[in-house]
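Have a look at coords14.cif below; it lists mmCIF, C-alpha atoms and all ligand atoms.
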data_final
#
loop_
_atom_site.label_atom_id
_atom_site.label_comp_id
_atom_site.auth_asym_id
_atom_site.auth_seq_id
_atom_site.Cartn_x
_atom_site.Cartn_y
_atom_site.Cartn_z
CA MET A 1 75.31 87.19 107.83
CA THR A 2 74.86 88.26 111.36
CA ASP A 3 71.89 89.75 113.06
CA SER A 4 72.15 93.48 112.41
CA PRO A 5 68.61 94.72 112.94
CA GLY A 6 67.16 96.59 110.02
CA GLU A 7 70.36 96.56 108.03
CA GLU A 8 70.61 95.57 104.40
CA ARG A 9 71.91 92.20 103.45
CA ALA A 10 75.38 92.22 101.97
CA PRO A 11 75.39 91.49 98.26
CA GLN A 12 76.27 87.87 97.58
CA ALA A 13 77.44 88.14 93.98
CA GLY A 14 77.02 84.72 92.39
CA ALA A 15 75.05 83.46 95.37
CA ALA A 16 75.00 79.93 93.95
CA ALA A 17 78.80 79.68 94.04
CA PRO A 18 80.37 78.46 97.26
CA ALA A 19 81.83 81.22 99.40
CA ALA A 20 85.55 81.92 99.04
CA VAL A 21 85.80 82.17 102.83
CA GLU A 22 83.24 80.95 105.33
CA PHE A 23 83.18 81.44 109.10
CA ALA A 24 80.74 79.34 111.12
CA GLY A 25 80.41 80.21 114.81
CA VAL A 26 84.06 81.29 115.05
CA THR A 27 85.64 82.59 118.25
CA LEU A 28 89.17 84.01 118.09
CA ALA A 29 91.27 84.84 121.14
CA HIS A 30 94.80 85.56 122.26
CA GLY A 31 95.33 84.06 125.68
CA ARG A 32 92.35 85.02 127.78
CA ARG A 33 91.42 87.91 125.56
CA ARG A 34 88.58 87.18 123.18
CA LEU A 35 88.71 89.30 120.05
CA VAL A 36 85.86 87.81 118.04
CA GLU A 37 82.93 85.78 119.32
CA ASP A 38 80.63 83.50 117.37
CA ALA A 39 81.31 85.02 113.95
CA SER A 40 79.38 83.57 111.02
CA PHE A 41 79.62 84.98 107.52
CA GLY A 42 80.58 84.05 103.97
CA LEU A 43 82.65 86.10 101.52
CA ALA A 44 81.32 85.65 98.00
CA GLN A 45 83.81 84.64 95.34
CA GLY A 46 85.09 87.63 93.41
CA ALA A 47 83.84 90.14 95.99
CA PHE A 48 85.86 93.14 97.16
CA VAL A 49 85.29 93.15 100.93
CA GLY A 50 86.50 95.95 103.20
CA LEU A 51 87.53 94.87 106.72
CA PHE A 52 87.12 97.52 109.40
CA GLY A 53 87.59 97.84 113.14
CA ALA A 54 89.36 100.05 115.64
CA ASN A 55 93.03 99.50 116.52
CA GLY A 56 93.36 96.14 118.22
CA ALA A 57 89.86 94.96 117.23
CA GLY A 58 91.31 91.84 115.62
CA LYS A 59 91.54 92.52 111.87
CA THR A 60 95.03 91.05 111.49
CA THR A 61 94.11 88.12 113.73
CA LEU A 62 91.05 87.43 111.57
CA MET A 63 93.17 87.44 108.42
CA ARG A 64 95.71 85.15 110.06
CA SER A 65 92.90 82.78 110.98
CA VAL A 66 91.91 82.57 107.29
CA LEU A 67 95.50 81.53 106.63
CA GLY A 68 95.28 78.87 109.32
CA LEU A 69 97.88 80.70 111.41
CA GLU A 70 95.46 81.37 114.29
CA ARG A 71 93.30 78.44 115.37
CA PRO A 72 89.76 79.34 116.38
CA ARG A 73 88.75 78.59 119.95
CA ALA A 74 85.39 77.55 118.57
CA GLY A 75 83.77 77.19 115.18
CA ARG A 76 84.98 76.40 111.71
CA ILE A 77 86.77 78.39 109.00
CA THR A 78 86.51 77.15 105.43
CA VAL A 79 88.52 78.51 102.51
CA PHE A 80 87.34 77.37 99.09
CA ASP A 81 85.48 74.45 100.59
CA ALA A 82 88.38 73.11 102.65
CA PRO A 83 89.32 73.83 106.27
CA ALA A 84 91.70 76.78 106.71
CA ARG A 85 95.24 75.53 107.14
CA PRO A 86 98.72 77.02 106.70
CA GLY A 87 100.41 76.72 103.33
CA ARG A 88 97.27 76.70 101.17
CA ALA A 89 97.98 77.58 97.53
CA GLY A 90 95.97 80.28 95.82
CA ILE A 91 96.09 82.89 98.58
CA GLY A 92 98.06 86.11 98.13
CA ILE A 93 99.05 88.06 101.23
CA LEU A 94 100.06 91.65 101.71
CA PRO A 95 101.05 91.85 105.39
CA GLN A 96 100.69 95.00 107.41
CA GLN A 97 103.49 97.36 106.37
CA ARG A 98 106.51 97.32 108.60
CA GLN A 99 109.75 99.28 108.44
CA TRP A 100 112.03 97.91 105.77
CA PRO A 101 115.27 96.53 107.19
CA ALA A 102 118.05 99.01 106.33
CA ALA A 103 120.02 96.21 104.68
CA THR A 104 117.35 95.82 101.98
CA LEU A 105 117.17 99.46 100.91
CA ASP A 106 120.13 99.16 98.53
CA LEU A 107 118.69 96.12 96.80
CA ALA A 108 116.62 96.21 93.64
CA ALA A 109 113.09 95.15 94.48
CA ILE A 110 113.29 92.33 91.92
CA ALA A 111 116.03 90.70 94.03
CA LEU A 112 113.68 90.51 97.01
CA LEU A 113 110.89 89.10 94.88
CA GLU A 114 113.19 86.45 93.44
CA ALA A 115 114.45 85.53 96.92
CA ALA A 116 110.85 85.17 98.17
CA HIS A 117 109.77 83.11 95.13
CA PRO A 118 112.78 81.08 93.99
CA GLY A 119 112.53 79.62 90.50
CA GLN A 120 109.28 81.44 89.71
CA GLY A 121 110.61 84.00 87.21
CA PRO A 122 107.62 83.88 84.83
CA ALA A 123 105.10 84.12 87.67
CA ILE A 124 107.01 87.10 89.10
CA GLY A 125 107.02 88.72 85.66
CA ALA A 126 103.26 88.21 85.31
CA ALA A 127 102.65 89.68 88.78
CA LEU A 128 104.80 92.72 87.96
CA ASP A 129 102.84 93.20 84.73
CA LEU A 130 99.60 93.27 86.75
CA VAL A 131 100.86 96.25 88.78
CA ASP A 132 102.73 97.79 85.83
CA GLY A 133 105.86 97.34 87.91
CA GLN A 134 108.54 95.93 85.59
CA ALA A 135 110.61 99.14 85.57
CA LEU A 136 109.96 99.84 89.26
CA ALA A 137 111.25 96.42 90.28
CA ARG A 138 114.68 97.22 88.88
CA ARG A 139 115.10 100.35 91.00
CA ARG A 140 116.60 100.43 94.50
CA LEU A 141 114.01 99.84 97.20
CA GLY A 142 115.31 102.84 99.12
CA ALA A 143 114.67 105.11 96.14
CA LEU A 144 110.99 104.27 95.78
CA SER A 145 108.06 106.25 97.12
CA GLY A 146 105.61 104.63 99.55
CA GLY A 147 103.07 104.14 96.76
CA GLU A 148 105.65 102.54 94.48
CA ARG A 149 106.79 100.16 97.22
CA GLN A 150 103.19 99.27 97.90
CA ARG A 151 102.73 98.35 94.23
CA LEU A 152 105.71 96.02 94.49
CA LEU A 153 104.42 94.47 97.69
CA LEU A 154 101.16 93.93 95.89
CA ALA A 155 103.06 92.24 93.05
CA GLN A 156 104.63 89.93 95.62
CA ALA A 157 101.11 88.99 96.78
CA LEU A 158 100.05 88.34 93.18
CA VAL A 159 102.73 85.81 92.26
CA GLY A 160 100.90 82.69 91.09
CA ALA A 161 97.64 84.57 90.32
CA PRO A 162 95.86 83.87 93.64
CA ARG A 163 92.09 83.47 93.93
CA LEU A 164 92.00 85.11 97.34
CA LEU A 165 93.89 88.26 98.33
CA LEU A 166 94.33 89.16 101.99
CA LEU A 167 95.54 92.76 102.11
CA ASP A 168 96.31 94.08 105.60
CA GLU A 169 96.15 97.88 105.65
CA PRO A 170 97.64 98.44 102.21
CA LEU A 171 96.82 102.15 102.43
CA ALA A 172 98.80 102.84 105.63
CA GLY A 173 101.22 105.70 105.15
CA LEU A 174 100.03 106.64 101.67
CA ASP A 175 98.90 110.12 100.67
CA PRO A 176 95.28 110.47 99.44
CA GLY A 177 96.24 110.38 95.76
CA ALA A 178 98.31 107.22 96.19
CA GLN A 179 95.47 105.65 98.20
CA VAL A 180 93.03 106.21 95.36
CA GLN A 181 95.50 104.76 92.85
CA ILE A 182 96.18 101.64 94.93
CA VAL A 183 92.47 100.98 95.49
CA ALA A 184 91.74 101.38 91.76
CA LEU A 185 94.65 99.09 90.91
CA ILE A 186 93.47 96.38 93.30
CA ASP A 187 89.92 96.69 91.99
CA ARG A 188 91.16 96.24 88.39
CA ILE A 189 93.39 93.29 89.30
CA ARG A 190 90.71 91.41 91.26
CA ARG A 191 88.43 91.65 88.23
CA GLN A 192 91.22 90.43 85.95
CA LEU A 193 92.03 87.48 88.23
CA GLU A 194 88.42 86.98 89.38
CA ALA A 195 89.88 87.01 92.88
CA THR A 196 88.16 87.66 96.18
CA VAL A 197 89.71 90.58 98.09
CA LEU A 198 89.67 91.08 101.85
CA PHE A 199 91.13 94.55 102.41
CA SER A 200 91.59 96.00 105.90
CA ALA A 201 91.59 99.74 106.41
CA HIS A 202 90.93 102.37 109.04
CA ASP A 203 89.43 104.87 106.67
CA LEU A 204 86.23 103.80 104.91
CA ASN A 205 86.31 106.63 102.41
CA PRO A 206 88.78 105.33 99.81
CA LEU A 207 86.85 102.04 99.59
CA LEU A 208 83.30 103.36 99.39
CA GLY A 209 83.21 103.39 95.60
CA VAL A 210 84.62 99.92 95.03
CA MET A 211 83.76 97.52 97.84
CA ASP A 212 80.89 95.08 97.45
CA ALA A 213 80.57 94.40 101.16
CA ALA A 214 81.96 95.55 104.48
CA LEU A 215 83.08 93.17 107.22
CA TRP A 216 83.43 94.96 110.51
CA ILE A 217 84.47 94.11 114.02
CA ALA A 218 83.10 96.04 116.99
CA ALA A 219 82.79 94.85 120.58
CA ARG A 220 83.88 91.34 119.55
CA ARG A 221 81.02 91.00 117.07
CA VAL A 222 81.73 90.58 113.36
CA ARG A 223 79.16 91.70 110.84
CA LEU A 224 79.02 91.52 107.07
CA ASP A 225 76.90 94.22 105.53
CA ALA A 226 76.32 96.14 102.35
CA PRO A 227 78.62 99.19 102.47
CA ALA A 228 75.63 101.52 102.71
CA ALA A 229 74.67 99.92 106.03
CA LEU A 230 77.80 101.39 107.60
CA LEU A 231 76.93 104.92 106.60
CA ARG A 232 74.94 105.67 109.73
CA ALA A 233 76.36 107.71 112.55
CA ASP A 234 75.30 105.20 115.23
CA VAL A 235 76.92 102.29 113.38
CA LEU A 236 80.10 104.27 112.79
CA ASP A 237 80.24 105.39 116.44
CA GLY A 238 80.26 101.70 117.44
CA LEU A 239 82.85 100.85 114.83
CA TYR A 240 85.31 103.60 115.69
CA GLY A 241 84.44 104.16 119.35
CA ALA A 242 84.12 107.88 118.59
CA ARG A 243 81.42 110.24 117.33
CA MET A 244 81.35 110.10 113.56
CA GLN A 245 79.47 112.00 110.90
CA VAL A 246 78.36 111.09 107.39
CA ILE A 247 78.50 113.99 104.96
CA SER A 248 76.99 113.74 101.49
CA GLY A 249 77.02 116.14 98.59
CA GLU A 250 77.79 116.32 94.89
CA GLY A 251 76.95 112.63 94.55
CA ARG A 252 79.55 111.57 97.12
CA VAL A 253 79.51 110.40 100.71
CA VAL A 254 82.34 111.01 103.17
CA VAL A 255 82.78 109.74 106.73
CA VAL A 256 84.57 112.08 109.15
CA PRO A 257 84.97 112.43 112.93
CA ALA A 258 82.19 114.63 114.33
CA CYS A 259 84.38 117.29 115.89
N1 LIG B 1 100.35 86.71 119.04
C1 LIG B 1 99.67 87.45 119.89
N2 LIG B 1 99.64 87.15 121.21
C2 LIG B 1 98.93 87.88 122.09
N3 LIG B 1 98.19 88.95 121.74
C3 LIG B 1 98.18 89.30 120.46
C4 LIG B 1 98.91 88.57 119.46
N4 LIG B 1 98.68 89.14 118.24
C5 LIG B 1 97.86 90.19 118.49
N5 LIG B 1 97.56 90.27 119.80
C6 LIG B 1 96.66 91.26 120.41
O1 LIG B 1 95.36 91.04 119.91
C7 LIG B 1 94.70 92.29 119.67
C8 LIG B 1 94.25 92.35 118.22
O2 LIG B 1 95.38 92.48 117.39
P1 LIG B 1 95.24 92.61 115.83
O3 LIG B 1 96.61 92.90 115.30
O4 LIG B 1 94.52 91.45 115.29
O5 LIG B 1 94.30 93.90 115.70
P2 LIG B 1 94.05 94.89 114.47
O6 LIG B 1 92.59 95.14 114.41
O7 LIG B 1 94.70 94.34 113.24
O8 LIG B 1 94.80 96.19 114.99
P3 LIG B 1 95.48 97.42 114.21
O9 LIG B 1 94.38 98.16 113.49
O10 LIG B 1 96.05 98.25 115.30
O11 LIG B 1 96.52 96.86 113.27
C9 LIG B 1 95.68 93.37 120.05
O12 LIG B 1 95.38 93.79 121.36
C10 LIG B 1 97.03 92.68 120.01
O13 LIG B 1 97.92 93.26 120.92
#

Hey, can you dump this file as structure tokens for me?
Amino acid sequence: MTDSPGEERAPQAGAAAPAAVEFAGVTLAHGRRRLVEDASFGLAQGAFVGLFGANGAGKTTLMRSVLGLERPRAGRITVFDAPARPGRAGIGILPQQRQWPAATLDLAAIALLEAAHPGQGPAIGAALDLVDGQALARRRLGALSGGERQRLLLAQALVGAPRLLLLDEPLAGLDPGAQVQIVALIDRIRRQLEATVLFSAHDLNPLLGVMDAALWIAARRVRLDAPAALLRADVLDGLYGARMQVISGEGRVVVVPAC
């Protein structure tokens, strides 16, 4: 936890269990540019944690540091009680969505999964079952909707039943209905696998009903809070660098730009 005055503590489900991911005094930088300074927090095992920050705040860099792909300038990153390093088993990754190479659009999705995980047929089958994607995986990639492709990308992250899922903007480019479905699917799967989820997003709203904690980067500071702690206009202004408004009614809360 960091020092957010007056804010609630983030829930630490199973507080006795070691954290799935722990940052201790971590500074992350690219060249001379510091993105994150002196970050200290722990992600409880099994928690669904939203990761927020404006464009360029360092969300992807933070995820890459958990994977051991970015070395901290200072501090220590621990993943399941061992120092973060590349190639750790038990971590599923959904990278930020990029354009699909044209050459792949005629392929059945299953072919890409098999190429990425050679010799792991049963594990691929189990991952496809988790996203209800057996039929989808046999269709041409180019013929799938954005939501369907995202389910298959999620299946690719689930091969081997990981204990930690790093999902980098899985809602990008999805319509609101597909966003709700993907969030519900991930919530169900993390409970099934008892996995910890770190899920980056620009829009808080689709995650408000499911996340246990919010990790957010603003002005190089990283904070871990209960989701409710973010629902204050001044906090949101700092997070987004723009005037924001929290609207509540009919038992729901929605965050929107104040204009
Ligand atoms: N390998 C790199 N070398 C130098 N600078 C980099 C590198 N990777 C990222 N950056 C820069 O670091 C900053 C943070 O990038 P990062 O992708 O972590 O942010 P982000 O919060 O994920 O952004 P977005 O929401 O736009 O995806 C950006 O200014 C980016 O240009």

Selection as a ChimeraX atom specification: residues within 7 Å of ligand LIG 1 (chain B) by all atoms listed in the file: /A:30-31,35,53-62

What does the file look like for those residues with C-alpha atoms, as a compact mmCIF listing (two decimals), keeping the file's coordinate frame?
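Output contents, as saved in result-v2.txt:
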# COMPACT_ATOMS: atom_id res chain seq x y z
CA HIS A 30 94.80 85.56 122.26
CA GLY A 31 95.33 84.06 125.68
CA LEU A 35 88.71 89.30 120.05
CA GLY A 53 87.59 97.84 113.14
CA ALA A 54 89.36 100.05 115.64
CA ASN A 55 93.03 99.50 116.52
CA GLY A 56 93.36 96.14 118.22
CA ALA A 57 89.86 94.96 117.23
CA GLY A 58 91.31 91.84 115.62
CA LYS A 59 91.54 92.52 111.87
CA THR A 60 95.03 91.05 111.49
CA THR A 61 94.11 88.12 113.73
CA LEU A 62 91.05 87.43 111.57

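Proximity ranking of A:Phe23, A:Phe48, A:Phe41, A:Tyr240 relative to A:Val255 places A:Tyr240 first, based on all atoms listed in the file.
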
Interatomic distance (Å, one decimal) between atom CA of A:Gly119 and atom CA of A:Val159: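 Separating atom CA of A:Gly119 from atom CA of A:Val159 is a distance of 11.7 Å.
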
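Computed from the coordinates, the atom CA of A:Asp203 to atom CA of A:Leu105 distance equals 28.8 Å.
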
Sel. within 10 Å of pt (86.7, 74.4, 105.0), counting all atoms listed in the file, output as a count of residues only: 16

Interatomic distance, atom CA of A:Leu231 to atom CA of A:Cys259 (Å, one decimal):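 Separation of atom CA of A:Leu231 and atom CA of A:Cys259: 17.2 Å.
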
Neighbour list for stretch 91-94 of chain A as a ChimeraX atom specification, cut-off 6 Å, all atoms listed in the file, skip fewer than 2 positions in-chain: /A:89,157-158,162,164-168

Take the residues just selected and output them with C-alpha atoms as a compact mmCIF listing (two decimals), keeping the file's coordinate frame.
# COMPACT_ATOMS: atom_id res chain seq x y z
CA ALA A 89 97.98 77.58 97.53
CA ALA A 157 101.11 88.99 96.78
CA LEU A 158 100.05 88.34 93.18
CA PRO A 162 95.86 83.87 93.64
CA LEU A 164 92.00 85.11 97.34
CA LEU A 165 93.89 88.26 98.33
CA LEU A 166 94.33 89.16 101.99
CA LEU A 167 95.54 92.76 102.11
CA ASP A 168 96.31 94.08 105.60

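The residue that comes closest to A:Ala44, out of A:Gly125, A:Gly68, A:Pro18, A:Gly25 and on the basis of all atoms listed in the file, is A:Pro18.
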
Counting only C-alpha atoms, the residue of A:Ala126, A:Ile182, A:His202, A:Ala214 that sits nearest A:Ala229: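 When distances to A:Ala229 are compared using only C-alpha atoms, the smallest one comes from A:Ala214.
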
Residue with smallest distance to A:Arg221 - pool A:Leu28, A:Leu69, A:Gln150, A:Ala39, counting only C-alpha atoms: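 Among the listed residues, A:Ala39 lies closest to A:Arg221.
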
Distance criterion (all atoms listed in the file): nearest to A:Pro95 out of A:Pro122, A:Gly147, A:Gly46, A:Pro170: A:Pro170

From A:Ala17, A:Val180, A:Ala123, A:Leu198, residue lying nearest A:Met63 [all atoms listed in the file]: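 Nearest candidate to A:Met63 out of A:Ala17, A:Val180, A:Ala123, A:Leu198: A:Leu198.
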
Distance query 8 Å from (80.7, 110.9, 106.6) using all atoms listed in the file, result as JSON, numbers by chain: {"A": [231, 244, 245, 246, 247, 248, 253, 254, 255, 256, 257]}

Non-local contacts of A:Leu130 (10 Å; all atoms listed in the file; under 2 positions in same chain excluded) as a compact mmCIF listing (two decimals) with C-alpha atoms, in the coordinates of the input:
# COMPACT_ATOMS: atom_id res chain seq x y z
CA ILE A 124 107.01 87.10 89.10
CA GLY A 125 107.02 88.72 85.66
CA ALA A 126 103.26 88.21 85.31
CA ALA A 127 102.65 89.68 88.78
CA LEU A 128 104.80 92.72 87.96
CA ASP A 132 102.73 97.79 85.83
CA GLY A 133 105.86 97.34 87.91
CA GLN A 134 108.54 95.93 85.59
CA ARG A 151 102.73 98.35 94.23
CA LEU A 154 101.16 93.93 95.89
CA ALA A 155 103.06 92.24 93.05
CA LEU A 158 100.05 88.34 93.18
CA VAL A 159 102.73 85.81 92.26
CA ALA A 161 97.64 84.57 90.32
CA LEU A 185 94.65 99.09 90.91
CA ILE A 186 93.47 96.38 93.30
CA ARG A 188 91.16 96.24 88.39
CA ILE A 189 93.39 93.29 89.30
CA GLN A 192 91.22 90.43 85.95
CA LEU A 193 92.03 87.48 88.23

Stretch 118-140 of chain A rebuilt with N, CA and C atoms, output as a JSON list (two decimals), in the frame of the given file:
[["chain", "number", "residue", "atom", "x", "y", "z"],
["A", 118, "PRO", "N", 111.69, 81.65, 94.80],
["A", 118, "PRO", "CA", 112.78, 81.08, 93.99],
["A", 118, "PRO", "C", 112.25, 80.24, 92.84],
["A", 119, "GLY", "N", 112.88, 80.43, 91.67],
["A", 119, "GLY", "CA", 112.53, 79.62, 90.50],
["A", 119, "GLY", "C", 111.19, 79.97, 89.88],
["A", 120, "GLN", "N", 110.61, 81.10, 90.25],
["A", 120, "GLN", "CA", 109.28, 81.44, 89.71],
["A", 120, "GLN", "C", 109.34, 82.70, 88.85],
["A", 121, "GLY", "N", 110.42, 82.81, 88.05],
["A", 121, "GLY", "CA", 110.61, 84.00, 87.21],
["A", 121, "GLY", "C", 109.38, 84.39, 86.41],
["A", 122, "PRO", "N", 108.78, 83.48, 85.64],
["A", 122, "PRO", "CA", 107.62, 83.88, 84.83],
["A", 122, "PRO", "C", 106.44, 84.36, 85.68],
["A", 123, "ALA", "N", 106.22, 83.70, 86.82],
["A", 123, "ALA", "CA", 105.10, 84.12, 87.67],
["A", 123, "ALA", "C", 105.37, 85.50, 88.27],
["A", 124, "ILE", "N", 106.65, 85.77, 88.59],
["A", 124, "ILE", "CA", 107.01, 87.10, 89.10],
["A", 124, "ILE", "C", 106.79, 88.14, 88.00],
["A", 125, "GLY", "N", 107.21, 87.80, 86.79],
["A", 125, "GLY", "CA", 107.02, 88.72, 85.66],
["A", 125, "GLY", "C", 105.55, 89.03, 85.44],
["A", 126, "ALA", "N", 104.70, 88.01, 85.52],
["A", 126, "ALA", "CA", 103.26, 88.21, 85.31],
["A", 126, "ALA", "C", 102.68, 89.09, 86.41],
["A", 127, "ALA", "N", 103.15, 88.88, 87.65],
["A", 127, "ALA", "CA", 102.65, 89.68, 88.78],
["A", 127, "ALA", "C", 103.09, 91.14, 88.62],
["A", 128, "LEU", "N", 104.33, 91.34, 88.17],
["A", 128, "LEU", "CA", 104.80, 92.72, 87.96],
["A", 128, "LEU", "C", 104.01, 93.39, 86.84],
["A", 129, "ASP", "N", 103.66, 92.62, 85.81],
["A", 129, "ASP", "CA", 102.84, 93.20, 84.73],
["A", 129, "ASP", "C", 101.50, 93.68, 85.28],
["A", 130, "LEU", "N", 100.91, 92.90, 86.21],
["A", 130, "LEU", "CA", 99.60, 93.27, 86.75],
["A", 130, "LEU", "C", 99.64, 94.63, 87.44],
["A", 131, "VAL", "N", 100.78, 94.96, 88.08],
["A", 131, "VAL", "CA", 100.86, 96.25, 88.78],
["A", 131, "VAL", "C", 101.65, 97.27, 87.97],
["A", 132, "ASP", "N", 101.93, 96.93, 86.70],
["A", 132, "ASP", "CA", 102.73, 97.79, 85.83],
["A", 132, "ASP", "C", 104.06, 98.14, 86.53],
["A", 133, "GLY", "N", 104.71, 97.10, 87.03],
["A", 133, "GLY", "CA", 105.86, 97.34, 87.91],
["A", 133, "GLY", "C", 107.18, 96.81, 87.40],
["A", 134, "GLN", "N", 107.28, 96.50, 86.09],
["A", 134, "GLN", "CA", 108.54, 95.93, 85.59],
["A", 134, "GLN", "C", 109.70, 96.90, 85.78],
["A", 135, "ALA", "N", 109.51, 98.16, 85.45],
["A", 135, "ALA", "CA", 110.61, 99.14, 85.57],
["A", 135, "ALA", "C", 110.89, 99.44, 87.04],
["A", 136, "LEU", "N", 109.81, 99.55, 87.82],
["A", 136, "LEU", "CA", 109.96, 99.84, 89.26],
["A", 136, "LEU", "C", 110.82, 98.78, 89.95],
["A", 137, "ALA", "N", 110.61, 97.53, 89.56],
["A", 137, "ALA", "CA", 111.25, 96.42, 90.28],
["A", 137, "ALA", "C", 112.75, 96.42, 90.10],
["A", 138, "ARG", "N", 113.23, 97.18, 89.10],
["A", 138, "ARG", "CA", 114.68, 97.22, 88.88],
["A", 138, "ARG", "C", 115.33, 98.40, 89.58],
["A", 139, "ARG", "N", 114.54, 99.20, 90.24],
["A", 139, "ARG", "CA", 115.10, 100.35, 91.00],
["A", 139, "ARG", "C", 115.41, 99.92, 92.44],
["A", 140, "ARG", "N", 116.25, 100.71, 93.10],
["A", 140, "ARG", "CA", 116.60, 100.43, 94.50],
["A", 140, "ARG", "C", 115.37, 100.64, 95.37]]
